[in-house]
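Scroll down for the structure; my scribbles are underneath it.
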Amino acid sequence: MEKLSNPQVTIETIKKYNFAFQKKFGQNFLIDEHVLHKIIAAAGVTKEDVVLEIGPGFGTMTQYLAEAAKEVIAVEIDKTLIPILQETLADYDNVTLINEDILKVDIAALVEEKNGGRPIKVVANLPYYITTPIIMGLFESHVPLDNITVMVQKEVALRMQAEPGTKDYGALSLAVQFYAEPYIAANVPPNCFIPRPNVGSAVIRLNRWQNPPVEVKDEKFLFSLIRASFNQRRKTLQNSLVNGGIPVTKEQVVEALERLSLSPTIRGEALTLEQFAALSDILVEMR
C-alpha cells in the first residue's frame, strides 16, 4: 500500500473507515514525510533496534519505523484504530500491535520478551494531556531504555529542556533532566498534521543517562520536594515547602538553605538539580 505520509492516502483511509477523530485521545496524525525522516534520524533507529511506538494512529510513522528497525511494538489505546492498523501495516511482518493503554502495559516484560532485556528505543507522537504521565512512567519504572524521541506540544518541549531562572523552568524540567539529557531535534508546524492542531509541536529526544547526574538518598522525597517548590512559583521556597505538605518546619528549611549558602528568601525556580538534590539529602537527614 502507498505510504500514509501522502495526505491523500490518509484522507482516503479516513473516508474508507468513516473514522471519527476522538478529542479524548488528542488525535492529530502526522502527514509529512520530511518530519517522519527527522524523527527516525533523531531516535537513531537501526536494524539492530526494537522500537516501542506509543499511539501509532493510522500507522503513518509505524510504516517508516518498520523499515528502519528490527522490530516495532505499537501500542494503541483506541480500539477503532486496530482494524485500520491491521490493513495499513499488512505489508510488515516485524510489527506487533497491542490494543491497550500504555500506562497499563508491563513494558519491562515486553522488553524482556522482544529484546532479551536489552534497552529499547521509544518513539511517540503524544497528546498534550498525557505527555508527562507517559514519559515519567517510562523513566520511573526503570525500563531498559536507550532514548525516548517524542513529538509533543512545543511549549512542553521547551519546558523539558529549560534551565534555572527561566520562565519555562519547573518540575517537569527537573524530573526529565534527572533521568535524561533533552535535545530538541525539530520544530513542527500545525500544517504537518490532520486535523491541524491549534499549537506548534516539537520533536524532542531524551537520552537516558547511564548514571543519573545526581545521587540522592530518597528519590521519592526529592520529587515531592520539587513538585511542592513549583506549586506556587511566586512564593519563597521555604513557604512553598511548608505549605506544600512536605513534613519539614520552616526552621529546618532555613537551616538547610544556610548550609548550602542559599538565601532564606530564594525561590524554587532559582535552584539547580544539584542544589535540589543536596537540599533533599539534608532534609532527609533532619527528618
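Chain labels A, B, ... are given in the sequence in which chains occur in the C-alpha cells; within each chain residues are numbered consecutively from 1, and ligands are likewise numbered from 1 in the order shown.
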
**Within 7 Å of stretch 234-250 of chain A using only C-alpha atoms, minus same-chain residues under 6 positions, as a PyMOL selection string** = chain A and resi 225+228+265-268

**Request:** Using only C-alpha atoms, find the one residue out of A:Asn28, A:Asn231, A:Gln177, A:Thr60 that sits nearest to A:Asn211.
**Result:**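 Among the listed residues, A:Gln177 lies closest to A:Asn211.
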
Can you check which parts of stretch 7-31 of chain A lie within 8 Å of stretch 188-199 of chain A? Per residue, the shortest pair of atoms and distance in Å to one decimal, counting only C-alpha atoms, sorted by chain and number, as CSV.
```
residue,atom,partner,partner_atom,distance
A:Gln27,CA,A:Pro195,CA,8.0
A:Asn28,CA,A:Ile194,CA,5.5
A:Phe29,CA,A:Ile194,CA,5.2
A:Leu30,CA,A:Phe193,CA,4.5
A:Ile31,CA,A:Phe193,CA,5.5
```

**Message:** I'd like to know which residues of stretch 38-247 of chain A are strand (DSSP E or B) (by DSSP, run on the backbone); could you write them as a ChimeraX atom specification?
**Reply:** /A:50-54,71-76,95-99,120-125,145-153,180-188,193-194,201-208

**Request:** Pick out the residues sitting within 8 Å of A:Ala277, and hand them over as a list in words; count only C-alpha atoms, and ignore anything fewer than 3 positions along from it in its own chain.
**Result:** Val214, Glu215, Val216, Leu222, Leu273, Glu274, Ser280 and Asp281 of chain A

**Prompt:** So how far away is atom CA of A:Phe276 from atom CA of A:Ser261, in Å?
**Reply:** 13.0 Å

Neighbouring residues of A:Gln153 were defined as those with any atom within 8 Å, considering only C-alpha atoms; residues of the same chain fewer than 4 positions away were excluded. Please report them as an mmCIF file with N, CA and C atoms, in the first residue's frame.
```cif
data_model
loop_
_atom_site.group_PDB
_atom_site.id
_atom_site.type_symbol
_atom_site.label_atom_id
_atom_site.label_comp_id
_atom_site.auth_asym_id
_atom_site.auth_seq_id
_atom_site.Cartn_x
_atom_site.Cartn_y
_atom_site.Cartn_z
ATOM 1 N N PRO A 127 -0.208 13.177 22.740
ATOM 2 C CA PRO A 127 -1.111 14.302 23.025
ATOM 3 C C PRO A 127 -0.704 14.997 24.315
ATOM 4 N N TYR A 128 -1.003 16.280 24.382
ATOM 5 C CA TYR A 128 -0.559 17.139 25.476
ATOM 6 C C TYR A 128 -0.936 16.592 26.850
ATOM 7 N N ALA A 157 8.045 20.790 25.145
ATOM 8 C CA ALA A 157 9.444 20.503 24.803
ATOM 9 C C ALA A 157 10.369 21.564 25.405
ATOM 10 N N VAL A 199 -1.715 24.516 18.033
ATOM 11 C CA VAL A 199 -0.392 24.964 18.503
ATOM 12 C C VAL A 199 0.711 24.257 17.732
ATOM 13 N N GLY A 200 1.913 24.832 17.792
ATOM 14 C CA GLY A 200 3.072 24.203 17.178
ATOM 15 C C GLY A 200 3.553 23.024 18.012
ATOM 16 N N SER A 201 4.274 22.112 17.374
ATOM 17 C CA SER A 201 4.818 20.936 18.053
ATOM 18 C C SER A 201 6.339 20.920 17.914
ATOM 19 N N ALA A 202 6.967 20.029 18.633
ATOM 20 C CA ALA A 202 8.416 19.858 18.521
ATOM 21 C C ALA A 202 8.762 18.397 18.752
#
```

Give me, as a Markdown table, the closest atom pair and its distance (Å, one decimal) for every residue of stretch 169-278 of chain A within a cut-off of 10 Å of stretch 43-53 of chain A, counting only C-alpha atoms, rows sorted by chain and rising number.
```
| residue | atom | partner | partner_atom | distance |
| --- | --- | --- | --- | --- |
| A:Ala185 | CA | A:Ala43 | CA | 9.4 |
| A:Val203 | CA | A:Ala43 | CA | 9.9 |
| A:Ile204 | CA | A:Ala43 | CA | 9.3 |
| A:Arg205 | CA | A:Ala43 | CA | 6.7 |
| A:Leu206 | CA | A:Ala43 | CA | 9.1 |
| A:Asn207 | CA | A:Ala43 | CA | 9.2 |
```

**Asked** For A:Tyr179, which residue out of A:Asp101, A:Asp32, A:Glu155, A:Glu140 is the nearest one, using only C-alpha atoms?
**Response**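 Checking each of A:Asp101, A:Asp32, A:Glu155, A:Glu140 against A:Tyr179, counting only C-alpha atoms, the winner is A:Glu140.
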
**Nearby residues (only C-alpha atoms) at most 12 Å from A:Asp106, same-chain spacing under 2 positions excluded, as a ChimeraX atom specification** = /A:75,98,100-104,108-113,137-138,141-143

Expected file contents, prior selection, C-alpha atoms, as a PDB file, in the first residue's frame:
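Written output follows (part17.pdb):
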```
ATOM      1  CA  VAL A  75       0.649   0.236  21.471  1.00  0.00           C
ATOM      2  CA  ILE A  98      -1.188  -4.105  21.135  1.00  0.00           C
ATOM      3  CA  GLU A 100      -4.014  -1.217  25.336  1.00  0.00           C
ATOM      4  CA  ASP A 101      -3.459   1.884  27.453  1.00  0.00           C
ATOM      5  CA  ILE A 102       0.344   2.305  27.571  1.00  0.00           C
ATOM      6  CA  LEU A 103       0.117   3.205  31.271  1.00  0.00           C
ATOM      7  CA  LYS A 104      -1.235  -0.308  31.948  1.00  0.00           C
ATOM      8  CA  ALA A 108       9.613  -4.403  31.269  1.00  0.00           C
ATOM      9  CA  ALA A 109       8.080  -7.807  30.431  1.00  0.00           C
ATOM     10  CA  LEU A 110       7.704  -6.766  26.763  1.00  0.00           C
ATOM     11  CA  VAL A 111      11.355  -5.672  26.617  1.00  0.00           C
ATOM     12  CA  GLU A 112      12.425  -8.995  28.134  1.00  0.00           C
ATOM     13  CA  GLU A 113      10.316 -10.967  25.643  1.00  0.00           C
ATOM     14  CA  GLY A 137       6.092   6.411  33.893  1.00  0.00           C
ATOM     15  CA  LEU A 138       8.741   5.096  31.493  1.00  0.00           C
ATOM     16  CA  SER A 141       9.648   2.216  36.177  1.00  0.00           C
ATOM     17  CA  HIS A 142      13.354   1.902  35.198  1.00  0.00           C
ATOM     18  CA  VAL A 143      12.511   0.050  31.984  1.00  0.00           C
TER      19      VAL A 143
END
```

**Prompt:** Expressed in Å to a single decimal, how great is the separation between atom CA of A:Asn125 and atom CA of A:Lys220?
**Reply:**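 For atom CA of A:Asn125 relative to atom CA of A:Lys220, the distance reads 28.1 Å.
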
**Request:** List the neighbours of A:Gly59 out to 9 Å using only C-alpha atoms; skip same-chain residues closer than 6 positions along the sequence, and give me the result as a PyMOL selection string.
**Result:** chain A and resi 4+74+84-85+88-89

Next, the residues of the selection above should be written as a PDB file, in the first residue's frame with C-alpha atoms.
```pdb
ATOM      1  CA  LEU A   4       0.205   7.297   4.684  1.00  0.00           C
ATOM      2  CA  ALA A  74       2.981  -0.453  18.530  1.00  0.00           C
ATOM      3  CA  ILE A  84      -7.188   0.225  10.180  1.00  0.00           C
ATOM      4  CA  LEU A  85      -3.696  -0.564  11.510  1.00  0.00           C
ATOM      5  CA  THR A  88      -2.035  -0.234   6.795  1.00  0.00           C
ATOM      6  CA  LEU A  89       0.662  -2.456   8.345  1.00  0.00           C
TER       7      LEU A  89
END
```

**Request:** Tell me which of A:Glu67, A:Thr80, A:Arg259, A:Val35 sits closest to A:Ala20, counting only C-alpha atoms.
**Result:** A:Thr80
